[in-house]
$ cat data_19.cif   # mmCIF, C-alpha atoms
data_input
#
loop_
_atom_site.group_PDB
_atom_site.id
_atom_site.type_symbol
_atom_site.label_atom_id
_atom_site.label_comp_id
_atom_site.auth_asym_id
_atom_site.auth_seq_id
_atom_site.Cartn_x
_atom_site.Cartn_y
_atom_site.Cartn_z
ATOM 1 C CA MET A 1 5.413 -78.345 38.520
ATOM 2 C CA SER A 2 8.670 -77.537 40.329
ATOM 3 C CA TRP A 3 9.730 -76.801 43.905
ATOM 4 C CA GLU A 4 12.727 -76.082 46.131
ATOM 5 C CA SER A 5 13.785 -78.716 48.665
ATOM 6 C CA ARG A 6 15.686 -77.788 51.842
ATOM 7 C CA ALA A 7 15.978 -81.344 53.149
ATOM 8 C CA ARG A 8 19.661 -82.244 53.638
ATOM 9 C CA TYR A 9 19.341 -86.034 53.636
ATOM 10 C CA ALA A 10 16.302 -86.621 51.439
ATOM 11 C CA ASP A 11 16.443 -89.660 49.162
ATOM 12 C CA MET A 12 13.094 -89.190 47.458
ATOM 13 C CA ALA A 13 10.004 -87.031 47.215
ATOM 14 C CA GLN A 14 6.301 -87.348 46.560
ATOM 15 C CA VAL A 15 3.835 -84.963 44.934
ATOM 16 C CA GLU A 16 0.175 -85.196 45.878
ATOM 17 C CA PRO A 17 -2.282 -83.901 43.232
ATOM 18 C CA SER A 18 -5.741 -82.767 44.358
ATOM 19 C CA TRP A 19 -8.783 -81.622 42.417
ATOM 20 C CA TYR A 20 -11.478 -79.285 43.686
ATOM 21 C CA ASP A 21 -14.962 -80.760 44.071
ATOM 22 C CA ASP A 22 -17.466 -77.945 43.520
ATOM 23 C CA ALA A 23 -20.270 -80.026 45.034
ATOM 24 C CA LEU A 24 -18.411 -80.808 48.288
ATOM 25 C CA TYR A 25 -16.475 -77.497 48.418
ATOM 26 C CA GLU A 26 -13.242 -79.313 49.220
ATOM 27 C CA TRP A 27 -10.033 -80.642 47.696
ATOM 28 C CA VAL A 28 -10.001 -84.354 46.839
ATOM 29 C CA ALA A 29 -6.559 -85.983 47.019
ATOM 30 C CA MET A 30 -5.362 -88.301 44.256
ATOM 31 C CA PRO A 31 -2.615 -90.968 44.481
ATOM 32 C CA ALA A 32 0.816 -89.463 45.171
ATOM 33 C CA ILE A 33 3.415 -89.293 42.400
ATOM 34 C CA ASP A 34 6.839 -90.728 43.323
ATOM 35 C CA VAL A 35 9.757 -88.488 42.346
ATOM 36 C CA PRO A 36 13.352 -89.783 41.913
ATOM 37 C CA SER A 37 16.128 -88.666 44.248
ATOM 38 C CA GLY A 38 17.498 -85.214 43.485
ATOM 39 C CA ALA A 39 14.608 -84.194 41.231
ATOM 40 C CA ALA A 40 12.875 -80.884 41.925
ATOM 41 C CA SER A 41 10.171 -81.073 39.276
ATOM 42 C CA ALA A 42 7.514 -83.509 38.122
ATOM 43 C CA GLU A 43 4.726 -83.841 35.575
ATOM 44 C CA ASP A 44 1.199 -84.880 36.430
ATOM 45 C CA PRO A 45 0.455 -87.805 34.075
ATOM 46 C CA ALA A 46 -3.330 -87.668 34.540
ATOM 47 C CA PRO A 47 -4.664 -84.244 35.608
ATOM 48 C CA GLN A 48 -8.393 -83.632 35.776
ATOM 49 C CA THR A 49 -9.677 -81.869 32.670
ATOM 50 C CA ASP A 50 -12.852 -80.403 34.172
ATOM 51 C CA ALA A 51 -11.750 -79.183 37.624
ATOM 52 C CA ALA A 52 -9.089 -76.967 39.178
ATOM 53 C CA MET A 53 -5.929 -78.767 40.334
ATOM 54 C CA SER A 54 -3.567 -78.080 43.253
ATOM 55 C CA TYR A 55 -0.383 -79.807 44.442
ATOM 56 C CA ARG A 56 1.743 -80.283 47.546
ATOM 57 C CA VAL A 57 5.088 -82.024 48.014
ATOM 58 C CA ARG A 58 7.021 -83.837 50.751
ATOM 59 C CA SER A 59 10.560 -85.229 51.077
ATOM 60 C CA GLY A 60 11.535 -88.646 52.377
ATOM 61 C CA ALA A 61 14.655 -90.263 53.848
ATOM 62 C CA TYR A 62 15.089 -93.998 53.360
ATOM 63 C CA LEU A 63 15.706 -95.770 56.680
ATOM 64 C CA GLY A 64 16.195 -99.261 55.303
ATOM 65 C CA GLU A 65 14.054 -102.395 55.201
ATOM 66 C CA GLY A 66 11.328 -100.562 53.286
ATOM 67 C CA GLU A 67 10.867 -97.787 55.842
ATOM 68 C CA VAL A 68 10.797 -94.113 54.844
ATOM 69 C CA LEU A 69 10.805 -91.093 57.143
ATOM 70 C CA TRP A 70 8.564 -88.500 55.475
ATOM 71 C CA SER A 71 8.469 -84.777 56.096
ATOM 72 C CA GLU A 72 5.186 -82.947 56.564
ATOM 73 C CA TRP A 73 3.337 -82.005 53.391
ATOM 74 C CA SER A 74 4.138 -78.558 52.047
ATOM 75 C CA GLU A 75 1.527 -75.840 51.741
ATOM 76 C CA ARG A 76 -0.840 -76.423 48.855
ATOM 77 C CA SER A 77 0.111 -74.722 45.582
ATOM 78 C CA GLU A 78 -2.103 -72.160 43.924
ATOM 79 C CA ALA A 79 -4.988 -73.641 41.972
ATOM 80 C CA VAL A 80 -4.186 -74.424 38.351
ATOM 81 C CA ALA A 81 -6.865 -74.123 35.695
ATOM 82 C CA PRO A 82 -6.994 -77.279 33.567
ATOM 83 C CA SER A 83 -6.193 -77.037 29.887
ATOM 84 C CA SER A 84 -6.888 -79.736 27.322
ATOM 85 C CA PRO A 85 -7.877 -79.997 23.659
ATOM 86 C CA PRO A 86 -11.629 -79.744 23.055
ATOM 87 C CA ALA A 87 -13.732 -82.686 21.998
ATOM 88 C CA PRO A 88 -14.819 -82.670 18.340
ATOM 89 C CA PRO A 89 -17.481 -79.984 17.806
ATOM 90 C CA SER A 90 -21.141 -80.730 17.149
ATOM 91 C CA ILE A 91 -22.212 -79.731 13.646
ATOM 92 C CA VAL A 92 -25.608 -78.084 14.034
ATOM 93 C CA TYR A 93 -26.210 -77.266 10.358
ATOM 94 C CA PRO A 94 -26.401 -78.754 7.803
ATOM 95 C CA PRO A 95 -27.580 -82.084 9.260
ATOM 96 C CA ALA A 96 -26.035 -85.308 7.985
ATOM 97 C CA GLY A 97 -27.662 -86.649 4.843
ATOM 98 C CA SER A 98 -29.257 -83.355 3.871
ATOM 99 C CA VAL A 99 -29.371 -81.955 0.355
ATOM 100 C CA CYS A 100 -27.974 -78.428 0.258
ATOM 101 C CA ALA A 101 -28.912 -75.986 -2.467
ATOM 102 C CA VAL A 102 -26.149 -74.543 -4.605
ATOM 103 C CA ASP A 103 -27.231 -71.262 -6.162
ATOM 104 C CA ALA A 104 -25.380 -68.324 -7.714
ATOM 105 C CA THR A 105 -24.863 -65.187 -5.659
ATOM 106 C CA PHE A 106 -25.613 -61.859 -7.310
ATOM 107 C CA ALA A 107 -22.298 -60.354 -6.178
ATOM 108 C CA GLU A 108 -19.762 -62.858 -7.504
ATOM 109 C CA GLY A 109 -21.689 -65.396 -9.551
ATOM 110 C CA LEU A 110 -20.223 -68.208 -7.440
ATOM 111 C CA PRO A 111 -22.228 -71.044 -5.895
ATOM 112 C CA ALA A 112 -23.184 -70.052 -2.378
ATOM 113 C CA GLY A 113 -23.860 -73.438 -0.815
ATOM 114 C CA PRO A 114 -24.889 -73.953 2.799
ATOM 115 C CA ALA A 115 -23.683 -71.832 5.671
ATOM 116 C CA VAL A 116 -22.129 -73.965 8.408
ATOM 117 C CA ARG A 117 -22.976 -73.781 12.095
ATOM 118 C CA TRP A 118 -21.454 -75.792 14.922
ATOM 119 C CA ARG A 119 -21.126 -75.933 18.716
ATOM 120 C CA HIS A 120 -17.699 -75.868 20.394
ATOM 121 C CA ASN A 121 -17.288 -78.720 22.934
ATOM 122 C CA PRO A 122 -14.516 -77.812 25.427
ATOM 123 C CA LEU A 123 -13.360 -80.316 28.041
ATOM 124 C CA ASP A 124 -11.679 -77.603 30.121
ATOM 125 C CA GLY A 125 -14.455 -75.004 29.907
ATOM 126 C CA SER A 126 -12.464 -72.608 27.707
ATOM 127 C CA ALA A 127 -14.064 -70.687 24.860
ATOM 128 C CA GLN A 128 -13.324 -71.335 21.210
ATOM 129 C CA THR A 129 -10.281 -69.405 19.998
ATOM 130 C CA SER A 130 -10.336 -70.545 16.366
ATOM 131 C CA ALA A 131 -11.903 -73.102 14.060
ATOM 132 C CA GLU A 132 -11.421 -74.616 10.620
ATOM 133 C CA VAL A 133 -14.001 -75.854 8.110
ATOM 134 C CA ARG A 134 -13.026 -78.378 5.427
ATOM 135 C CA TRP A 135 -14.945 -79.441 2.304
ATOM 136 C CA SER A 136 -13.944 -82.731 0.628
ATOM 137 C CA PHE A 137 -15.206 -84.558 -2.446
ATOM 138 C CA ASP A 138 -14.041 -87.704 -4.238
ATOM 139 C CA GLY A 139 -11.440 -88.370 -1.525
ATOM 140 C CA LYS A 140 -9.743 -84.976 -1.904
ATOM 141 C CA VAL A 141 -9.901 -81.784 0.139
ATOM 142 C CA ARG A 142 -11.488 -79.162 -2.115
ATOM 143 C CA GLY A 143 -11.317 -76.165 0.209
ATOM 144 C CA THR A 144 -10.757 -75.004 3.789
ATOM 145 C CA ARG A 145 -11.933 -71.967 5.716
ATOM 146 C CA PRO A 146 -10.225 -70.637 8.897
ATOM 147 C CA CYS A 147 -12.635 -69.029 11.367
ATOM 148 C CA GLY A 148 -12.212 -66.858 14.443
ATOM 149 C CA PRO A 149 -13.383 -67.187 18.042
ATOM 150 C CA GLU A 150 -17.107 -67.010 17.259
ATOM 151 C CA MET A 151 -19.027 -70.173 18.118
ATOM 152 C CA SER A 152 -20.137 -70.662 14.509
ATOM 153 C CA ALA A 153 -19.335 -68.875 11.300
ATOM 154 C CA GLU A 154 -20.363 -68.242 7.731
ATOM 155 C CA ALA A 155 -18.129 -70.819 6.069
ATOM 156 C CA SER A 156 -19.967 -71.439 2.818
ATOM 157 C CA LEU A 157 -18.452 -72.986 -0.283
ATOM 158 C CA PRO A 158 -17.053 -69.890 -2.057
ATOM 159 C CA LEU A 159 -15.633 -68.533 1.207
ATOM 160 C CA SER A 160 -13.843 -71.887 1.535
ATOM 161 C CA GLY A 161 -12.351 -71.542 -1.943
ATOM 162 C CA VAL A 162 -14.677 -74.039 -3.647
ATOM 163 C CA ASP A 163 -16.256 -73.220 -7.032
ATOM 164 C CA VAL A 164 -18.745 -76.040 -7.564
ATOM 165 C CA TYR A 165 -19.596 -74.887 -11.088
ATOM 166 C CA ALA A 166 -15.944 -75.136 -12.159
ATOM 167 C CA LEU A 167 -15.597 -78.501 -10.413
ATOM 168 C CA ALA A 168 -18.661 -79.826 -12.251
ATOM 169 C CA GLU A 169 -17.062 -78.906 -15.570
ATOM 170 C CA SER A 170 -14.074 -81.158 -14.808
ATOM 171 C CA LEU A 171 -15.738 -83.977 -12.826
ATOM 172 C CA GLY A 172 -19.197 -83.977 -14.362
ATOM 173 C CA GLU A 173 -22.651 -84.291 -12.851
ATOM 174 C CA ARG A 174 -21.509 -86.597 -10.046
ATOM 175 C CA VAL A 175 -20.590 -83.428 -8.156
ATOM 176 C CA TYR A 176 -24.367 -83.229 -7.607
ATOM 177 C CA THR A 177 -25.132 -86.957 -7.237
ATOM 178 C CA GLU A 178 -22.404 -88.153 -4.834
ATOM 179 C CA ASP A 179 -21.653 -87.246 -1.219
ATOM 180 C CA TRP A 180 -19.506 -84.360 -0.039
ATOM 181 C CA GLU A 181 -17.823 -84.472 3.366
ATOM 182 C CA LEU A 182 -18.097 -81.371 5.527
ATOM 183 C CA ALA A 183 -15.743 -81.385 8.540
ATOM 184 C CA VAL A 184 -15.108 -78.909 11.383
ATOM 185 C CA ARG A 185 -12.494 -78.738 14.145
ATOM 186 C CA THR A 186 -11.909 -76.155 16.890
ATOM 187 C CA LYS A 187 -9.277 -74.878 19.324
ATOM 188 C CA GLY A 188 -9.612 -73.718 22.941
ATOM 189 C CA ALA A 189 -7.220 -72.334 25.554
ATOM 190 C CA SER A 190 -4.770 -75.244 25.185
ATOM 191 C CA GLY A 191 -3.950 -74.209 21.617
ATOM 192 C CA GLU A 192 -4.403 -77.783 20.364
ATOM 193 C CA TRP A 193 -6.925 -78.812 17.723
ATOM 194 C CA SER A 194 -9.869 -81.021 18.512
ATOM 195 C CA GLY A 195 -10.540 -84.018 16.329
ATOM 196 C CA TRP A 196 -12.574 -83.474 13.172
ATOM 197 C CA ALA A 197 -16.361 -83.711 13.321
ATOM 198 C CA ALA A 198 -17.799 -84.627 9.928
ATOM 199 C CA VAL A 199 -21.122 -85.057 8.150
ATOM 200 C CA ARG A 200 -21.865 -86.178 4.610
ATOM 201 C CA VAL A 201 -24.188 -84.050 2.498
ATOM 202 C CA ARG A 202 -25.149 -83.656 -1.138
ATOM 203 C CA LEU A 203 -25.357 -80.544 -3.249
ATOM 204 C CA ALA A 204 -28.171 -79.708 -5.646
ATOM 205 C CA ARG A 205 -28.799 -76.927 -8.100
ATOM 206 C CA MET A 206 -31.942 -74.887 -7.679
ATOM 207 C CA PRO A 207 -34.600 -75.906 -10.240
ATOM 208 C CA ARG A 208 -35.441 -73.342 -12.890
ATOM 209 C CA ALA A 209 -38.501 -72.908 -15.094
ATOM 210 C CA TRP A 210 -39.245 -70.776 -18.142
ATOM 211 C CA PHE A 211 -42.012 -70.197 -20.680
ATOM 212 C CA GLU A 212 -41.706 -71.767 -24.097
ATOM 213 C CA GLU A 213 -44.933 -70.223 -25.308
ATOM 214 C CA PRO A 214 -45.489 -67.409 -25.518
ATOM 215 C CA SER A 215 -41.794 -66.702 -25.898
#
$ encode --input "data_19.cif" --output "structure tokens"
Amino acid sequence: MSWESRARYADMAQVEPSWYDDALYEWVAMPAIDVPSGAASAEDPAPQTDAAMSYRVRSGAYLGEGEVLWSEWSERSEAVAPSSPPAPPSIVYPPAGSVCAVDATFAEGLPAGPAVRWRHNPLDGSAQTSAEVRWSFDGKVRGTRPCGPEMSAEASLPLSGVDVYALAESLGERVYTEDWELAVRTKGASGEWSGWAAVRVRLARMPRAWFEEPS
């Protein structure tokens, strides 16, 4: 925040942050922020992340022996919408520990794998603007999938650049017997990523049966 001071002999200033309490329908003042002499801007070190903020400023002249002559508080600033990175999303599907079927699609012949669904968890109330899905196996990232503003997306294995059949040829059957890590992160209005939310799942091929007799 910044302001213009017209005090001729001011030695210091204070900024008073306030947050709006929707239950009480009033502004709640927080401890004032001391501003060095000559400064005309300040940063709020601890703004509320779930309520609108407003600020007012006053100038002070030091009189000696710890006494300060303060001006009246300025008019309150316009309300500022909070903006902060979201909390890690909640992965709705697949659940942790589940076994997800890997089957070939008719269109491309690639393993389809599970679709991924999650819930965006904003701290500032803003909607999801983008998301990223990451598949990892054996300590390495095997594929990622950027997603748009929708709350969940089709982010299956082939869309994330993962061909499980090809991976099984190089790493063997443990692709189907050891855990995969599925992780998701999201962005909101702040433009900063949330932390990763992750679950561990296993992949399994669909069983197949055929007749030996009669052939």
$ resolve_selection --input "data_19.cif" --expression "the PyMOL selection byres ((chain A and resi 181) around 7)" --output "JSON, numbers by chain"
{"A": [135, 136, 137, 179, 180, 182, 183, 198, 199, 200, 201]}
$ closest_atom_pairs --input "data_19.cif" --of "segment 116-174 of chain A" --to "segment 86-98 of chain A" --cutoff "6 Å" --atoms "all atoms listed in the file" --output "Markdown table"
| residue | atom | partner | partner_atom | distance |
| --- | --- | --- | --- | --- |
| A:Val116 | CA | A:Tyr93 | CA | 5.6 |
| A:Arg117 | CA | A:Tyr93 | CA | 5.1 |
| A:Trp118 | CA | A:Ile91 | CA | 4.2 |
| A:Arg119 | CA | A:Ser90 | CA | 5.0 |
| A:His120 | CA | A:Pro89 | CA | 4.9 |
| A:Asn121 | CA | A:Pro89 | CA | 5.3 |
| A:Pro122 | CA | A:Pro86 | CA | 4.2 |
| A:Leu123 | CA | A:Pro86 | CA | 5.3 |
$ atom_distance --input "data_19.cif" --atom1 "atom CA of Pro45 of chain A" --atom2 "atom CA of Met30 of chain A"
11.7 Å
$ atom_distance --input "data_19.cif" --atom1 "atom CA of Tyr176 of chain A" --atom2 "atom CA of Arg142 of chain A"
14.6 Å
$ residues_near_point --input "data_19.cif" --point "(15.3, -92.2, 53.7)" --cutoff "12 Å" --atoms "only C-alpha atoms" --output "number ranges by chain"
A: 7-13, 37, 59-71
$ write_last_selection --input "data_19.cif" --atoms "C-alpha atoms" --output "PDB file, in the coordinates of the input"
ATOM      1  CA  ALA A   7      15.978 -81.344  53.149  1.00  0.00           C
ATOM      2  CA  ARG A   8      19.661 -82.244  53.638  1.00  0.00           C
ATOM      3  CA  TYR A   9      19.341 -86.034  53.636  1.00  0.00           C
ATOM      4  CA  ALA A  10      16.302 -86.621  51.439  1.00  0.00           C
ATOM      5  CA  ASP A  11      16.443 -89.660  49.162  1.00  0.00           C
ATOM      6  CA  MET A  12      13.094 -89.190  47.458  1.00  0.00           C
ATOM      7  CA  ALA A  13      10.004 -87.031  47.215  1.00  0.00           C
ATOM      8  CA  SER A  37      16.128 -88.666  44.248  1.00  0.00           C
ATOM      9  CA  SER A  59      10.560 -85.229  51.077  1.00  0.00           C
ATOM     10  CA  GLY A  60      11.535 -88.646  52.377  1.00  0.00           C
ATOM     11  CA  ALA A  61      14.655 -90.263  53.848  1.00  0.00           C
ATOM     12  CA  TYR A  62      15.089 -93.998  53.360  1.00  0.00           C
ATOM     13  CA  LEU A  63      15.706 -95.770  56.680  1.00  0.00           C
ATOM     14  CA  GLY A  64      16.195 -99.261  55.303  1.00  0.00           C
ATOM     15  CA  GLU A  65      14.054-102.395  55.201  1.00  0.00           C
ATOM     16  CA  GLY A  66      11.328-100.562  53.286  1.00  0.00           C
ATOM     17  CA  GLU A  67      10.867 -97.787  55.842  1.00  0.00           C
ATOM     18  CA  VAL A  68      10.797 -94.113  54.844  1.00  0.00           C
ATOM     19  CA  LEU A  69      10.805 -91.093  57.143  1.00  0.00           C
ATOM     20  CA  TRP A  70       8.564 -88.500  55.475  1.00  0.00           C
ATOM     21  CA  SER A  71       8.469 -84.777  56.096  1.00  0.00           C
TER      22      SER A  71
END
$ closest_atom_pairs --input "data_19.cif" --of "segment 65-128 of chain A" --to "segment 187-193 of chain A" --cutoff "7 Å" --atoms "all atoms listed in the file" --output "JSON lines"
{"residue": "A:Ser83", "atom": "CA", "partner": "A:Ser190", "partner_atom": "CA", "distance": 5.2}
{"residue": "A:Ser84", "atom": "CA", "partner": "A:Ser190", "partner_atom": "CA", "distance": 5.4}
{"residue": "A:Pro85", "atom": "CA", "partner": "A:Glu192", "partner_atom": "CA", "distance": 5.3}
{"residue": "A:Pro86", "atom": "CA", "partner": "A:Gly188", "partner_atom": "CA", "distance": 6.4}
{"residue": "A:Pro122", "atom": "CA", "partner": "A:Gly188", "partner_atom": "CA", "distance": 6.9}
{"residue": "A:Ser126", "atom": "CA", "partner": "A:Gly188", "partner_atom": "CA", "distance": 5.7}
{"residue": "A:Ala127", "atom": "CA", "partner": "A:Gly188", "partner_atom": "CA", "distance": 5.7}
{"residue": "A:Gln128", "atom": "CA", "partner": "A:Gly188", "partner_atom": "CA", "distance": 4.7}
$ atom_distance --input "data_19.cif" --atom1 "atom CA of Thr144 of chain A" --atom2 "atom CA of Ser160 of chain A"
4.9 Å
$ residues_near_point --input "data_19.cif" --point "(-13.0, -80.2, 31.2)" --cutoff "6 Å" --atoms "all atoms listed in the file" --output "list in words"
Thr49, Asp50, Leu123, Asp124 and Gly125 of chain A
$ resolve_selection --input "data_19.cif" --expression "the PyMOL selection byres ((chain A and resi 43) around 9)" --output "list in words"
Met1, Ser2, Ile33, Ser41, Ala42, Asp44, Pro45 and Ala46 of chain A
$ axis_aligned_box --input "data_19.cif" --around "segment 38-49 of chain A" --padding-each-side "8 Å" --output "lines of an AutoDock Vina configuration file"
center_x = 3.9
center_y = -84.3
center_z = 38.1
size_x = 43.2
size_y = 22.9
size_z = 26.8
$ resolve_selection --input "data_19.cif" --expression "the PyMOL selection byres ((chain A and resi 184) around 6)" --output "PyMOL selection string"
chain A and resi 132-133+183+185+196-197
$ closest_residue --input "data_19.cif" --among "A:Leu157, A:Val141, A:Ala52, A:Pro214" --to "Ala101 of chain A" --atoms "only C-alpha atoms"
A:Leu157
$ closest_residue --input "data_19.cif" --among "A:Thr129, A:Val102, A:Glu72, A:Pro149" --to "Leu203 of chain A" --atoms "all atoms listed in the file"
A:Val102
$ decode --input "data_19.cif" --residues "segment 124-148 of chain A" --atoms "N, CA and C atoms" --output "PDB file, in the first residue's frame"
ATOM      1  N   ASP A 124      -8.556 -18.099  -0.519  1.00  0.00           N
ATOM      2  CA  ASP A 124      -9.065 -16.748  -0.743  1.00  0.00           C
ATOM      3  C   ASP A 124     -10.403 -16.737  -1.474  1.00  0.00           C
ATOM      4  N   GLY A 125     -11.000 -17.903  -1.679  1.00  0.00           N
ATOM      5  CA  GLY A 125     -12.305 -17.980  -2.321  1.00  0.00           C
ATOM      6  C   GLY A 125     -12.279 -17.924  -3.834  1.00  0.00           C
ATOM      7  N   SER A 126     -11.100 -17.815  -4.449  1.00  0.00           N
ATOM      8  CA  SER A 126     -11.033 -17.687  -5.905  1.00  0.00           C
ATOM      9  C   SER A 126     -11.146 -19.047  -6.582  1.00  0.00           C
ATOM     10  N   ALA A 127     -11.677 -19.033  -7.801  1.00  0.00           N
ATOM     11  CA  ALA A 127     -11.862 -20.266  -8.553  1.00  0.00           C
ATOM     12  C   ALA A 127     -10.534 -20.774  -9.103  1.00  0.00           C
ATOM     13  N   GLN A 128     -10.505 -22.043  -9.437  1.00  0.00           N
ATOM     14  CA  GLN A 128      -9.319 -22.622 -10.061  1.00  0.00           C
ATOM     15  C   GLN A 128      -9.091 -21.995 -11.428  1.00  0.00           C
ATOM     16  N   THR A 129      -7.846 -21.606 -11.701  1.00  0.00           N
ATOM     17  CA  THR A 129      -7.494 -21.068 -13.012  1.00  0.00           C
ATOM     18  C   THR A 129      -6.720 -22.076 -13.848  1.00  0.00           C
ATOM     19  N   SER A 130      -6.003 -22.978 -13.201  1.00  0.00           N
ATOM     20  CA  SER A 130      -5.297 -24.043 -13.911  1.00  0.00           C
ATOM     21  C   SER A 130      -4.913 -25.125 -12.911  1.00  0.00           C
ATOM     22  N   ALA A 131      -4.507 -26.265 -13.443  1.00  0.00           N
ATOM     23  CA  ALA A 131      -4.110 -27.387 -12.598  1.00  0.00           C
ATOM     24  C   ALA A 131      -3.080 -28.217 -13.348  1.00  0.00           C
ATOM     25  N   GLU A 132      -2.407 -29.094 -12.620  1.00  0.00           N
ATOM     26  CA  GLU A 132      -1.420 -29.981 -13.222  1.00  0.00           C
ATOM     27  C   GLU A 132      -1.502 -31.340 -12.538  1.00  0.00           C
ATOM     28  N   VAL A 133      -1.514 -32.392 -13.355  1.00  0.00           N
ATOM     29  CA  VAL A 133      -1.542 -33.768 -12.854  1.00  0.00           C
ATOM     30  C   VAL A 133      -0.201 -34.416 -13.172  1.00  0.00           C
ATOM     31  N   ARG A 134       0.346 -35.151 -12.204  1.00  0.00           N
ATOM     32  CA  ARG A 134       1.668 -35.765 -12.379  1.00  0.00           C
ATOM     33  C   ARG A 134       1.601 -37.242 -12.003  1.00  0.00           C
ATOM     34  N   TRP A 135       2.129 -38.097 -12.882  1.00  0.00           N
ATOM     35  CA  TRP A 135       2.224 -39.533 -12.629  1.00  0.00           C
ATOM     36  C   TRP A 135       3.694 -39.897 -12.415  1.00  0.00           C
ATOM     37  N   SER A 136       3.992 -40.591 -11.305  1.00  0.00           N
ATOM     38  CA  SER A 136       5.374 -40.982 -11.013  1.00  0.00           C
ATOM     39  C   SER A 136       5.430 -42.473 -10.690  1.00  0.00           C
ATOM     40  N   PHE A 137       6.543 -43.088 -11.084  1.00  0.00           N
ATOM     41  CA  PHE A 137       6.773 -44.499 -10.769  1.00  0.00           C
ATOM     42  C   PHE A 137       8.267 -44.726 -10.603  1.00  0.00           C
ATOM     43  N   ASP A 138       8.625 -45.535  -9.608  1.00  0.00           N
ATOM     44  CA  ASP A 138      10.025 -45.891  -9.371  1.00  0.00           C
ATOM     45  C   ASP A 138      10.874 -44.646  -9.118  1.00  0.00           C
ATOM     46  N   GLY A 139      10.286 -43.648  -8.430  1.00  0.00           N
ATOM     47  CA  GLY A 139      11.022 -42.445  -8.070  1.00  0.00           C
ATOM     48  C   GLY A 139      11.220 -41.447  -9.188  1.00  0.00           C
ATOM     49  N   LYS A 140      10.587 -41.660 -10.343  1.00  0.00           N
ATOM     50  CA  LYS A 140      10.744 -40.751 -11.475  1.00  0.00           C
ATOM     51  C   LYS A 140       9.378 -40.296 -11.979  1.00  0.00           C
ATOM     52  N   VAL A 141       9.318 -39.035 -12.411  1.00  0.00           N
ATOM     53  CA  VAL A 141       8.093 -38.526 -13.028  1.00  0.00           C
ATOM     54  C   VAL A 141       7.975 -39.138 -14.415  1.00  0.00           C
ATOM     55  N   ARG A 142       6.845 -39.804 -14.671  1.00  0.00           N
ATOM     56  CA  ARG A 142       6.651 -40.481 -15.955  1.00  0.00           C
ATOM     57  C   ARG A 142       5.788 -39.675 -16.917  1.00  0.00           C
ATOM     58  N   GLY A 143       5.038 -38.706 -16.400  1.00  0.00           N
ATOM     59  CA  GLY A 143       4.210 -37.894 -17.282  1.00  0.00           C
ATOM     60  C   GLY A 143       3.466 -36.828 -16.505  1.00  0.00           C
ATOM     61  N   THR A 144       3.178 -35.711 -17.160  1.00  0.00           N
ATOM     62  CA  THR A 144       2.397 -34.630 -16.550  1.00  0.00           C
ATOM     63  C   THR A 144       1.304 -34.212 -17.524  1.00  0.00           C
ATOM     64  N   ARG A 145       0.261 -33.614 -16.972  1.00  0.00           N
ATOM     65  CA  ARG A 145      -0.870 -33.175 -17.785  1.00  0.00           C
ATOM     66  C   ARG A 145      -1.347 -31.816 -17.288  1.00  0.00           C
ATOM     67  N   PRO A 146      -1.169 -30.715 -18.064  1.00  0.00           N
ATOM     68  CA  PRO A 146      -1.742 -29.430 -17.674  1.00  0.00           C
ATOM     69  C   PRO A 146      -3.244 -29.425 -17.926  1.00  0.00           C
ATOM     70  N   CYS A 147      -3.990 -28.797 -17.042  1.00  0.00           N
ATOM     71  CA  CYS A 147      -5.450 -28.738 -17.154  1.00  0.00           C
ATOM     72  C   CYS A 147      -5.913 -27.298 -16.995  1.00  0.00           C
ATOM     73  N   GLY A 148      -7.096 -27.009 -17.489  1.00  0.00           N
ATOM     74  CA  GLY A 148      -7.637 -25.661 -17.477  1.00  0.00           C
ATOM     75  C   GLY A 148      -8.393 -25.323 -16.210  1.00  0.00           C
TER      76      GLY A 148
END
